[in-house]
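What follows is the content of query.txt (compact mmCIF, C-alpha atoms).
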```txt
# COMPACT_ATOMS: atom_id res chain seq x y z
CA MET A 157 0.00 0.00 0.00
CA LEU A 158 1.35 3.35 -1.09
CA LYS A 159 0.83 5.03 2.30
CA SER A 160 3.00 2.42 3.97
CA ILE A 161 6.22 3.71 2.34
CA GLU A 162 8.65 4.83 5.01
CA PRO A 163 11.93 6.76 4.56
CA PHE A 164 14.54 4.44 3.08
CA THR A 165 17.37 4.60 5.57
CA GLU A 166 19.49 1.89 3.96
CA ARG A 167 21.45 4.51 2.07
CA LYS A 168 24.23 3.03 0.01
CA LEU A 169 27.41 4.92 -0.68
CA GLY A 170 27.07 7.44 -3.48
CA GLU A 171 23.33 7.90 -3.29
CA ASN A 172 21.87 11.37 -3.49
CA CYS A 173 18.28 12.40 -2.81
CA VAL A 174 17.09 11.36 -6.29
CA THR A 175 18.74 7.93 -6.40
CA GLN A 176 17.60 7.27 -2.84
CA ALA A 177 13.99 8.18 -3.68
CA ILE A 178 14.16 5.90 -6.74
CA SER A 179 15.63 3.08 -4.63
CA ASN A 180 12.78 3.43 -2.16
CA ILE A 181 10.17 3.25 -4.91
CA LEU A 182 11.85 0.24 -6.54
CA ASN A 183 12.01 -1.40 -3.12
CA TYR A 184 8.29 -0.69 -2.63
CA LYS A 185 7.62 -2.22 -6.04
CA GLU A 186 9.60 -5.25 -4.88
CA MET A 187 12.21 -5.01 -7.59
CA LYS A 188 15.24 -7.14 -6.89
CA ASP A 189 18.79 -5.90 -7.48
CA HIS A 190 17.85 -2.23 -7.44
CA LYS A 191 21.20 -1.49 -5.81
CA PHE A 192 23.02 -2.08 -9.06
CA ILE A 193 21.09 0.02 -11.55
CA TRP A 194 23.41 3.05 -11.78
CA LYS A 195 26.01 2.38 -14.44
CA GLN A 196 27.45 5.60 -15.88
CA CYS A 197 31.04 6.41 -15.11
CA GLY A 198 32.47 9.00 -17.45
CA MET A 199 34.34 12.28 -17.18
CA MET A 200 34.08 15.54 -19.04
CA TYR A 201 35.27 19.04 -18.42
CA ILE A 202 32.75 21.62 -19.57
CA LYS A 203 33.40 25.34 -19.55
CA HIS A 204 30.97 28.01 -20.72
CA ASN A 205 31.81 31.27 -22.42
CA GLU A 206 31.19 33.40 -19.37
CA GLU A 207 33.01 31.19 -16.86
CA LEU A 208 36.54 31.55 -15.49
CA LYS A 209 36.67 27.89 -14.65
CA GLY A 210 34.54 25.01 -15.77
CA THR A 211 32.95 21.99 -14.22
CA LEU A 212 33.51 18.24 -14.20
CA VAL A 213 30.58 16.14 -15.37
CA PRO A 214 30.66 12.35 -14.92
CA LYS A 215 27.35 11.52 -16.66
CA TYR A 216 27.25 11.48 -20.43
CA PHE A 217 23.81 10.08 -21.18
CA SER A 218 20.38 10.60 -19.72
CA THR A 219 18.98 9.01 -16.58
CA GLU A 220 16.09 7.71 -18.70
CA GLN A 221 18.55 5.78 -20.86
CA GLU A 222 20.66 4.68 -17.90
CA LEU A 223 17.71 3.00 -16.17
CA GLN A 224 16.46 1.44 -19.40
CA LEU A 225 19.83 -0.17 -20.14
CA ILE A 226 20.01 -3.74 -18.82
CA HIS A 227 17.19 -3.24 -16.27
CA GLY A 228 14.34 -1.88 -18.39
CA ILE A 229 13.13 0.61 -15.76
CA ASN A 230 10.99 3.47 -17.06
CA PHE A 231 11.97 6.84 -15.62
CA THR A 232 9.68 9.65 -16.75
CA ARG A 233 10.39 13.28 -15.94
CA SER A 234 7.68 15.86 -16.63
CA SER A 235 7.09 19.55 -15.88
CA GLU A 236 4.06 21.80 -15.65
CA ASP A 237 4.05 25.52 -16.29
CA THR A 238 1.65 26.54 -13.52
CA ALA A 239 1.14 25.61 -9.87
CA ASP A 240 -2.46 24.51 -10.47
CA LYS A 241 -1.53 22.14 -13.28
CA PHE A 242 1.31 20.80 -11.15
CA ILE A 243 -0.96 20.01 -8.17
CA GLU A 244 -3.49 18.41 -10.52
CA ALA A 245 -0.86 16.29 -12.29
CA ILE A 246 0.87 14.97 -9.17
CA SER A 247 -2.44 14.35 -7.38
CA SER A 248 -3.75 12.27 -10.26
CA ILE A 249 -0.61 10.11 -10.20
CA ILE A 250 -1.05 9.47 -6.46
CA LEU A 251 -4.75 8.68 -6.95
CA ARG A 252 -3.68 6.05 -9.51
CA GLY A 253 -1.74 4.42 -6.69
CA GLU A 254 1.71 5.53 -7.85
CA PRO A 255 4.30 7.45 -5.81
CA VAL A 256 5.60 10.64 -7.42
CA ILE A 257 8.96 12.28 -6.86
CA ILE A 258 8.99 16.09 -6.98
CA TYR A 259 11.93 18.50 -7.11
CA VAL A 260 11.91 21.00 -4.24
CA ASP A 261 13.97 23.71 -2.62
CA PRO A 262 14.39 22.75 1.08
CA TYR A 263 14.54 26.47 1.86
CA GLU A 264 10.73 26.35 1.69
CA LEU A 265 10.17 23.11 3.62
CA GLU A 266 9.38 23.72 7.27
CA TYR A 267 10.56 20.30 8.47
CA ASN A 268 13.93 20.61 6.77
CA MET A 269 17.12 21.69 8.55
CA PHE A 270 17.72 24.24 5.76
CA TYR A 271 14.28 25.88 6.06
CA GLN A 272 14.65 29.64 5.47
CA ASN A 273 18.39 29.11 5.67
CA ARG A 274 19.93 27.64 2.52
CA HIS A 275 18.75 27.08 -1.06
CA ASP A 276 19.37 23.72 -2.68
CA LEU A 277 17.97 21.36 -5.28
CA HIS A 278 16.36 18.45 -3.47
CA CYS A 279 13.56 15.94 -3.99
CA VAL A 280 10.85 14.24 -1.93
CA THR A 281 8.34 11.51 -2.75
CA LEU A 282 4.62 12.16 -2.37
CA ILE A 283 2.56 9.13 -1.40
CA ASP A 284 -0.87 10.46 -0.39
CA VAL A 285 -3.12 13.45 -0.94
CA ASP A 286 -5.99 14.94 1.08
CA PHE A 287 -7.99 17.45 -0.98
CA LYS A 288 -10.20 18.49 1.91
CA LYS A 289 -7.33 19.43 4.20
CA ARG A 290 -5.15 20.39 1.21
CA TYR A 291 -2.02 18.48 2.03
CA PHE A 292 0.24 15.76 0.65
CA THR A 293 1.95 13.06 2.67
CA ALA A 294 5.63 13.19 1.81
CA VAL A 295 8.59 10.90 2.36
CA ASP A 296 12.04 12.44 2.42
CA ASP A 297 14.55 9.59 2.30
CA TYR A 298 17.60 11.81 2.45
CA TYR A 299 16.62 13.78 5.54
CA VAL A 300 14.65 10.86 7.03
CA PHE A 301 11.21 12.46 7.29
CA LYS A 302 7.64 11.34 6.74
CA GLY A 303 4.77 13.75 7.28
CA ASN A 304 2.18 16.06 5.80
CA ILE A 305 3.04 19.10 3.72
CA SER A 306 0.35 21.60 2.72
CA PHE A 307 -0.42 22.33 -0.93
CA ASP A 308 0.86 25.89 -0.43
CA GLU A 309 4.16 24.68 0.97
CA VAL A 310 4.59 22.19 -1.88
CA ILE A 311 3.87 24.91 -4.44
CA LYS A 312 6.43 27.24 -2.89
CA ALA A 313 9.06 24.52 -2.59
CA ALA A 314 8.53 23.22 -6.13
CA ASN A 315 8.85 26.68 -7.65
CA ILE A 316 12.60 26.41 -7.87
CA GLU A 317 14.45 29.54 -8.78
CA TYR A 318 17.73 28.13 -7.67
CA GLY A 319 19.41 25.59 -9.92
CA ARG A 320 22.72 23.94 -10.55
CA PRO A 321 24.77 25.37 -13.43
CA ILE A 322 23.83 22.90 -16.16
CA ILE A 323 20.24 22.34 -15.13
CA GLU A 324 17.92 25.07 -16.21
CA ASP A 325 14.46 25.47 -14.77
CA MET A 326 13.41 22.59 -12.54
CA SER A 327 10.21 24.26 -11.35
CA TYR A 328 7.12 22.09 -11.02
CA THR A 329 9.04 19.05 -12.18
CA TYR A 330 8.11 15.52 -11.16
CA ILE A 331 9.27 11.98 -11.80
CA THR A 332 7.43 8.69 -12.04
CA ILE A 333 9.00 5.24 -12.07
CA SER A 334 7.53 2.20 -13.76
CA ILE A 335 8.85 -1.34 -13.70
CA ASP A 336 6.06 -2.79 -15.84
CA ARG A 337 8.59 -3.55 -18.53
CA ALA A 338 11.52 -4.22 -16.24
CA ARG A 339 13.49 -7.29 -17.10
CA GLU A 340 15.87 -9.64 -15.43
CA PRO A 341 19.46 -8.48 -15.98
CA GLU A 342 20.84 -9.58 -19.33
CA ASN A 343 23.76 -11.84 -19.88
CA LEU A 344 27.31 -10.60 -19.44
CA ASN A 345 27.43 -8.91 -22.86
CA GLY A 346 25.16 -6.05 -21.78
CA TYR A 347 27.38 -5.32 -18.80
CA LEU A 348 30.58 -5.47 -20.85
CA ASP A 349 29.14 -3.05 -23.41
CA ILE A 350 28.56 -0.52 -20.65
CA ILE A 351 32.06 -0.95 -19.21
CA LYS A 352 33.48 -0.55 -22.72
CA ARG A 353 31.46 2.61 -23.28
CA ASN A 354 32.51 4.08 -19.93
CA ASN A 355 36.14 3.29 -20.71
CA GLU A 356 35.84 5.01 -24.08
CA VAL A 357 34.56 8.15 -22.39
CA LEU A 358 37.22 8.04 -19.69
CA SER A 359 39.98 7.61 -22.26
CA GLY A 360 38.57 10.44 -24.37
CA VAL A 361 37.84 8.49 -27.56
CA TYR A 362 34.05 8.55 -27.19
CA PRO A 363 32.52 10.59 -30.05
CA GLU A 364 31.45 14.05 -28.91
CA LYS A 365 28.24 13.99 -30.96
CA THR A 366 26.89 11.05 -28.91
CA ILE A 367 27.32 12.87 -25.59
CA ARG A 368 24.00 13.72 -23.95
CA VAL A 369 24.41 15.89 -20.87
CA GLU A 370 21.21 16.37 -18.88
CA GLY A 371 19.69 19.82 -18.82
CA ASN A 372 20.63 22.80 -20.88
CA ILE A 373 24.40 23.16 -21.06
CA GLY A 374 24.22 26.43 -22.97
CA ASN A 375 27.12 27.86 -24.96
CA VAL A 376 30.08 25.62 -24.36
CA HIS A 377 33.43 27.31 -24.73
CA LYS A 378 35.50 24.24 -23.97
CA LEU A 379 34.63 20.55 -23.82
CA VAL A 380 37.25 17.99 -22.87
CA ILE A 381 36.07 14.40 -22.91
CA GLY A 382 37.97 11.91 -20.76
CA LEU A 383 40.18 11.92 -17.70
CA GLU A 384 42.23 14.66 -19.34
CA GLY A 385 39.36 16.91 -18.24
CA ILE A 386 40.57 16.51 -14.64
CA VAL A 387 43.88 18.15 -15.62
CA HIS A 388 42.01 21.12 -17.10
CA PHE A 389 39.84 21.37 -13.99
CA LYS A 390 42.88 21.29 -11.72
CA GLU A 391 44.88 23.83 -13.73
CA GLU A 392 42.02 26.26 -14.08
CA SER A 393 41.12 25.94 -10.40
CA GLN A 394 44.74 26.77 -9.57
CA TYR A 395 44.66 29.73 -11.94
CA TYR A 396 41.42 30.91 -10.36
CA LEU A 397 42.90 30.65 -6.88
CA GLU A 398 45.96 32.68 -7.87
CA LYS A 399 43.94 35.32 -9.70
CA PHE A 400 41.49 35.97 -6.89
CA ASP A 401 42.60 36.47 -3.32
CA LEU A 402 39.13 35.84 -1.98
CA LEU A 403 36.99 32.84 -2.83
CA THR A 404 33.29 33.44 -2.60
CA LEU A 405 31.04 30.94 -0.84
CA ASP A 406 29.21 30.46 -4.14
CA VAL A 407 32.38 29.32 -5.87
CA ILE A 408 33.29 26.93 -3.05
CA ASN A 409 29.75 25.64 -2.83
CA SER A 410 29.43 24.98 -6.57
CA THR A 411 32.85 23.29 -6.69
CA TYR A 412 31.80 21.13 -3.74
CA ARG A 413 28.74 19.99 -5.68
CA VAL A 414 30.83 19.15 -8.73
CA LEU A 415 33.22 16.98 -6.73
CA ALA A 416 30.44 15.32 -4.70
CA ASN A 417 28.68 14.48 -7.94
CA VAL A 418 31.80 12.81 -9.35
CA SER A 419 32.25 10.95 -6.07
CA ASN A 420 28.70 9.61 -6.24
CA SER A 421 29.21 8.37 -9.80
CA ARG A 422 32.27 6.35 -8.71
CA TYR A 423 30.53 4.86 -5.69
CA LEU A 424 27.48 3.88 -7.73
CA TYR A 425 29.62 2.41 -10.49
CA SER A 426 31.46 0.28 -7.91
CA HIS A 427 28.09 -1.17 -6.83
CA PHE A 428 27.28 -1.93 -10.47
CA LEU A 429 30.65 -3.62 -11.00
CA SER A 430 30.25 -5.66 -7.82
CA ASN A 431 27.25 -7.32 -9.48
CA LEU A 432 28.98 -8.37 -12.72
CA PRO A 433 27.71 -11.83 -13.65
CA VAL A 434 31.14 -13.33 -14.25
CA GLU A 435 33.62 -15.39 -12.26
CA HIS A 436 36.93 -13.59 -12.64
CA HIS A 437 39.60 -12.90 -10.05
CA GLY A 438 40.00 -9.28 -11.20
CA VAL A 439 36.42 -8.16 -10.67
CA GLU A 440 36.72 -7.57 -6.92
CA GLU A 441 39.86 -5.47 -7.35
CA TYR A 442 38.15 -3.55 -10.13
CA TYR A 443 35.12 -2.49 -8.12
CA ASN A 444 37.28 -1.76 -5.09
CA LYS A 445 39.25 0.69 -7.21
CA TYR A 446 36.07 2.62 -7.93
CA LEU A 447 34.99 2.38 -4.31
CA ASP A 448 38.31 3.98 -3.35
CA LEU A 449 37.85 6.64 -6.00
CA GLY A 450 34.39 7.42 -4.61
CA GLN A 451 36.00 7.98 -1.22
CA ASP A 452 38.82 10.08 -2.62
CA TRP A 453 36.52 12.41 -4.53
CA LYS A 454 34.31 12.68 -1.44
CA VAL A 455 37.27 13.65 0.71
CA ALA A 456 38.20 16.34 -1.84
CA ALA A 457 34.59 17.60 -1.82
CA ASN A 458 34.38 17.63 1.97
CA MET A 459 37.59 19.66 2.16
CA LEU A 460 35.57 22.41 0.53
CA ILE A 461 32.81 22.15 3.12
CA LYS A 462 35.50 22.75 5.69
CA GLY A 463 36.66 25.63 3.49
CA MET A 464 33.17 27.13 3.72
CA ILE A 465 33.51 27.19 7.50
CA LYS A 466 37.12 28.32 7.82
CA ASN A 467 40.50 28.49 6.03
CA GLN A 468 38.94 28.94 2.59
CA VAL A 469 42.10 29.38 0.51
CA PRO A 470 44.23 26.68 2.23
CA MET A 471 41.39 24.16 1.98
CA TYR A 472 40.81 25.01 -1.68
CA GLN A 473 44.53 24.53 -2.35
CA ARG A 474 44.43 21.23 -0.46
CA MET A 475 41.50 20.15 -2.63
CA ILE A 476 43.49 20.89 -5.81
CA GLU A 477 46.39 18.80 -4.55
CA LYS A 478 44.00 15.97 -3.69
CA VAL A 479 42.48 16.09 -7.20
CA GLU A 480 45.97 15.76 -8.70
CA LYS A 481 46.50 12.53 -6.76
CA ILE A 482 43.06 11.27 -7.73
CA TYR A 483 43.86 11.81 -11.42
CA SER A 484 46.59 9.16 -11.39
CA LYS A 485 44.30 6.75 -9.51
CA GLU A 486 41.61 7.32 -12.13
CA GLN A 487 44.13 6.48 -14.86
CA ASP A 488 45.14 3.34 -13.00
CA ALA A 489 41.50 2.20 -12.63
CA LEU A 490 40.86 2.86 -16.34
CA LYS A 491 43.92 0.85 -17.40
CA PHE A 492 42.90 -1.97 -15.08
CA GLY A 493 39.37 -1.95 -16.51
CA GLU A 494 40.57 -2.06 -20.11
CA GLU A 495 42.85 -5.02 -19.39
CA LEU A 496 40.16 -6.81 -17.41
CA LEU A 497 37.70 -6.37 -20.26
CA GLN A 498 40.20 -7.82 -22.75
CA ASP A 499 40.94 -10.70 -20.45
CA ILE A 500 37.29 -11.60 -19.91
CA GLN A 501 36.68 -11.47 -23.67
CA SER A 502 39.78 -13.51 -24.51
CA LEU A 503 38.87 -16.16 -21.96
CA GLU A 504 35.55 -16.44 -23.75
CA LEU A 505 33.68 -16.13 -20.50
CA ILE A 506 30.84 -14.56 -22.42
CA MET B 125 34.01 14.80 32.81
CA GLU B 126 35.68 11.90 31.05
CA ILE B 127 36.70 12.84 27.51
CA ASN B 128 34.63 10.08 25.88
CA GLU B 129 31.48 11.30 27.60
CA GLU B 130 32.34 14.89 26.79
CA VAL B 131 32.76 14.08 23.07
CA LYS B 132 29.52 12.09 23.01
CA GLU B 133 27.51 14.88 24.62
CA PHE B 134 29.07 17.41 22.28
CA ILE B 135 28.14 15.34 19.21
CA LEU B 136 24.55 14.74 20.31
CA LYS B 137 24.08 18.43 21.02
CA LYS B 138 25.67 19.67 17.80
CA LEU B 139 23.95 17.19 15.50
CA ASN B 140 20.65 17.54 17.34
CA VAL B 141 20.03 13.79 17.25
CA PRO B 142 18.31 11.80 20.01
CA ASN B 143 20.36 9.90 22.53
CA ILE B 144 21.42 7.18 20.11
CA GLY B 145 23.79 4.29 20.75
CA ILE B 146 27.46 4.98 20.27
CA ASP B 147 27.74 2.30 17.60
CA GLU B 148 24.63 3.33 15.69
CA SER B 149 25.16 4.91 12.27
CA LEU B 150 24.59 8.66 12.25
CA LEU B 151 23.55 8.36 8.60
CA ARG B 152 20.28 6.79 9.75
CA HIS B 153 19.49 9.96 11.63
CA GLY B 154 19.65 12.34 8.70
CA VAL B 155 23.25 13.40 9.31
CA ASN B 156 24.88 14.43 6.04
CA SER B 157 28.23 15.74 4.86
CA LEU B 158 27.38 19.34 5.64
CA ASN B 159 26.47 19.02 9.30
CA PHE B 160 29.09 16.28 9.73
CA ILE B 161 31.98 18.47 8.55
CA ASN B 162 30.62 21.30 10.68
CA LEU B 163 30.89 18.95 13.63
CA ILE B 164 34.44 17.92 12.70
CA VAL B 165 35.54 21.56 12.55
CA GLU B 166 33.94 22.32 15.92
CA LEU B 167 35.60 19.28 17.47
CA GLU B 168 38.95 20.48 16.12
CA GLU B 169 38.40 23.85 17.72
CA LYS B 170 37.09 22.53 21.02
CA PHE B 171 39.91 20.03 21.52
CA GLU B 172 42.57 22.05 19.68
CA ILE B 173 43.43 19.26 17.28
CA GLU B 174 43.53 18.83 13.50
CA PHE B 175 42.18 15.68 11.94
CA ASP B 176 43.69 13.84 8.97
CA ASP B 177 41.93 13.34 5.64
CA GLU B 178 40.05 10.25 6.85
CA ALA B 179 37.98 12.48 9.12
CA PHE B 180 36.52 14.17 6.04
CA LEU B 181 34.55 11.05 5.25
CA ILE B 182 31.41 10.33 7.22
CA GLU B 183 31.42 6.82 5.75
CA ASN B 184 34.63 6.12 7.68
CA VAL B 185 33.55 7.79 10.90
CA ASP B 186 29.80 7.29 10.93
CA THR B 187 29.28 6.45 14.61
CA ILE B 188 29.86 8.33 17.86
CA ASN B 189 32.29 5.63 18.92
CA LYS B 190 34.42 6.07 15.81
CA ILE B 191 34.49 9.84 16.30
CA ILE B 192 35.52 9.36 19.95
CA ASN B 193 38.39 7.13 18.78
CA LEU B 194 39.40 9.73 16.24
CA VAL B 195 39.57 12.41 18.95
CA ASN B 196 41.44 10.11 21.34
CA ASN B 197 44.00 9.27 18.66
CA LYS B 198 44.73 12.95 18.21
CA ASN B 199 44.96 13.75 21.90
```
As structure tokens - that is how I would like this structure written.
Amino acid sequence: MLKSIEPFTERKLGENCVTQAISNILNYKEMKDHKFIWKQCGMMYIKHNEELKGTLVPKYFSTEQELQLIHGINFTRSSEDTADKFIEAISSIILRGEPVIIYVDPYELEYNMFYQNRHDLHCVTLIDVDFKKRYFTAVDDYYVFKGNISFDEVIKAANIEYGRPIIEDMSYTYITISIDRAREPENLNGYLDIIKRNNEVLSGVYPEKTIRVEGNIGNVHKLVIGLEGIVHFKEESQYYLEKFDLLTLDVINSTYRVLANVSNSRYLYSHFLSNLPVEHHGVEEYYNKYLDLGQDWKVAANMLIKGMIKNQVPMYQRMIEKVEKIYSKEQDALKFGEELLQDIQSLELI
Amino acid sequence: MEINEEVKEFILKKLNVPNIGIDESLLRHGVNSLNFINLIVELEEKFEIEFDDEAFLIENVDTINKIINLVNNKN
């Protein structure tokens, strides 16, 4: 029963509010193996015309496609242009017996620790609606909350003016998940194709025209596909630090998000690799390499949180040095993955 | 007050979590990177210590007990 959904506290490493909400829904729908559905692990450096330094982006195709690949999960993202249409649309989904994930700014959510304090892009799942009392019952997996939120509060929170650099307007946006056409994981070939594709992106040979970054990326001044993008990120961050004596909280905050996002992609990819349907001695070492990388990127990101509190410039410098070390570990993991792939194929394990 | 008890009380107060067990994961109580790093910085200031990189990762130090050990190792 939809109302019985509780916050999903079994958070696995690398999950953000969206992946956690999806995990909870898949768990409610009794889908097996939902821990292993996130499979993208790329790297690009994207810089826009107006920017002094760019951003690292680990995802190179859409979430819709990512969940379809191997697992056949339908992820549908929709938006409405007015509050009334939004309330009507999400209510009708709930009345059909389906949970609906909505994007919100926690700045407007009274239960949230960042209420009237800090803007962010977040999501919650709505599982019930009461038209008479005008409220939804919401589950927030990330901040471990279940309770009622009034229509007015939902409207305010879903009218998102704040957004991350490459995502344009996320106002009145909602997500539904269907597993009606979900399938049992394919044979090994499907998994190896994904590893091969990730490796092509990481090594920079993936064709630019097939890249699909989510959201509107605007006028790109510089696009570097592959791990080489990390070098550009590091050098331009260093340049930025030397050019400006004072780092603004916005710069530190946005850089934190970039690094945390990369960290999450490595953690989630390690879960995916841990579920490879093949007996090979190298698999465990392979996914542990990405687990380590998830930790390393997270440490670099968290250095910037500390930088937001105190010692901004030294912590930013320490982050740059950490990223330099991570770059060689990324190269090592890529080389290992390429050799492992060749070995599995040559042993005709497929 | 014994240092272990002092650290525990400090953590519970700063993170605003109920009186949870010292081996229970803080992640289950809505603690995230932001309030966790805040806590780490405040612990550094209170006990006049500086933690190594491992302390930047809540996954490594996700219980009160692990944080107490971290502080004790630096004292």
Checklist line | Residue nearest chain A among B:Leu163, B:Leu139, B:Gly154, B:Asn193 (counting only C-alpha atoms) | finding: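 Once distances to chain A are computed over only C-alpha atoms, the minimum belongs to B:Gly154.
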Note to self: Please list as a ChimeraX atom specification every residue within 12 Å of Asn159 (chain B), counting all atoms listed in the file and excluding residues in the same chain fewer than 4 positions away.
What the structure shows: /A:269-270,299,458,461-462,464-465 /B:135-141,150-151,153-155,163-166,180,182
Next item on the list: Mind giving me the straight-line distance from CA of Glu186 (chain A) to CA of Leu158 (chain A) in Å, one decimal?
Entry: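 Separating CA of Glu186 (chain A) from CA of Leu158 (chain A) is a distance of 12.5 Å.
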Checklist line | Distance of CA of Tyr446 (chain A) from CA of Gln394 (chain A), expressed in Å to one decimal place | finding: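 Answer for the CA of Gln394 (chain A) to CA of Tyr446 (chain A) separation: 25.7 Å.
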Next item on the list: Rank nothing, just name the residue among B:Phe134, B:Ile173, B:Glu178, B:Ile127 nearest to chain A, using all atoms listed in the file.
Entry: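 Of B:Phe134, B:Ile173, B:Glu178, B:Ile127, the one nearest chain A is B:Glu178, counting all atoms listed in the file.
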Next item on the list: When you get a sec, could you note down which chain A residues fall within 10 Å of chain B, using only C-alpha atoms, as a ChimeraX atom specification?
Entry: /A:163-169,269,296-301,416,451-452,454-466,478
Note to self: So the first atom is CA of Tyr443 (chain A) and the second is CA of Leu490 (chain A); what is the distance between them in Å, to one decimal place?
What the structure shows: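 Taking CA of Tyr443 (chain A) and CA of Leu490 (chain A), their separation equals 11.4 Å.
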Next item on the list: Name the closest residue to Met199 (chain A) among the candidates A:Leu503, A:Ile476, A:Ile367, A:Leu358; distances are taken between atoms, counting all atoms listed in the file.
Entry: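 Smallest distance to Met199 (chain A) is found for A:Leu358.
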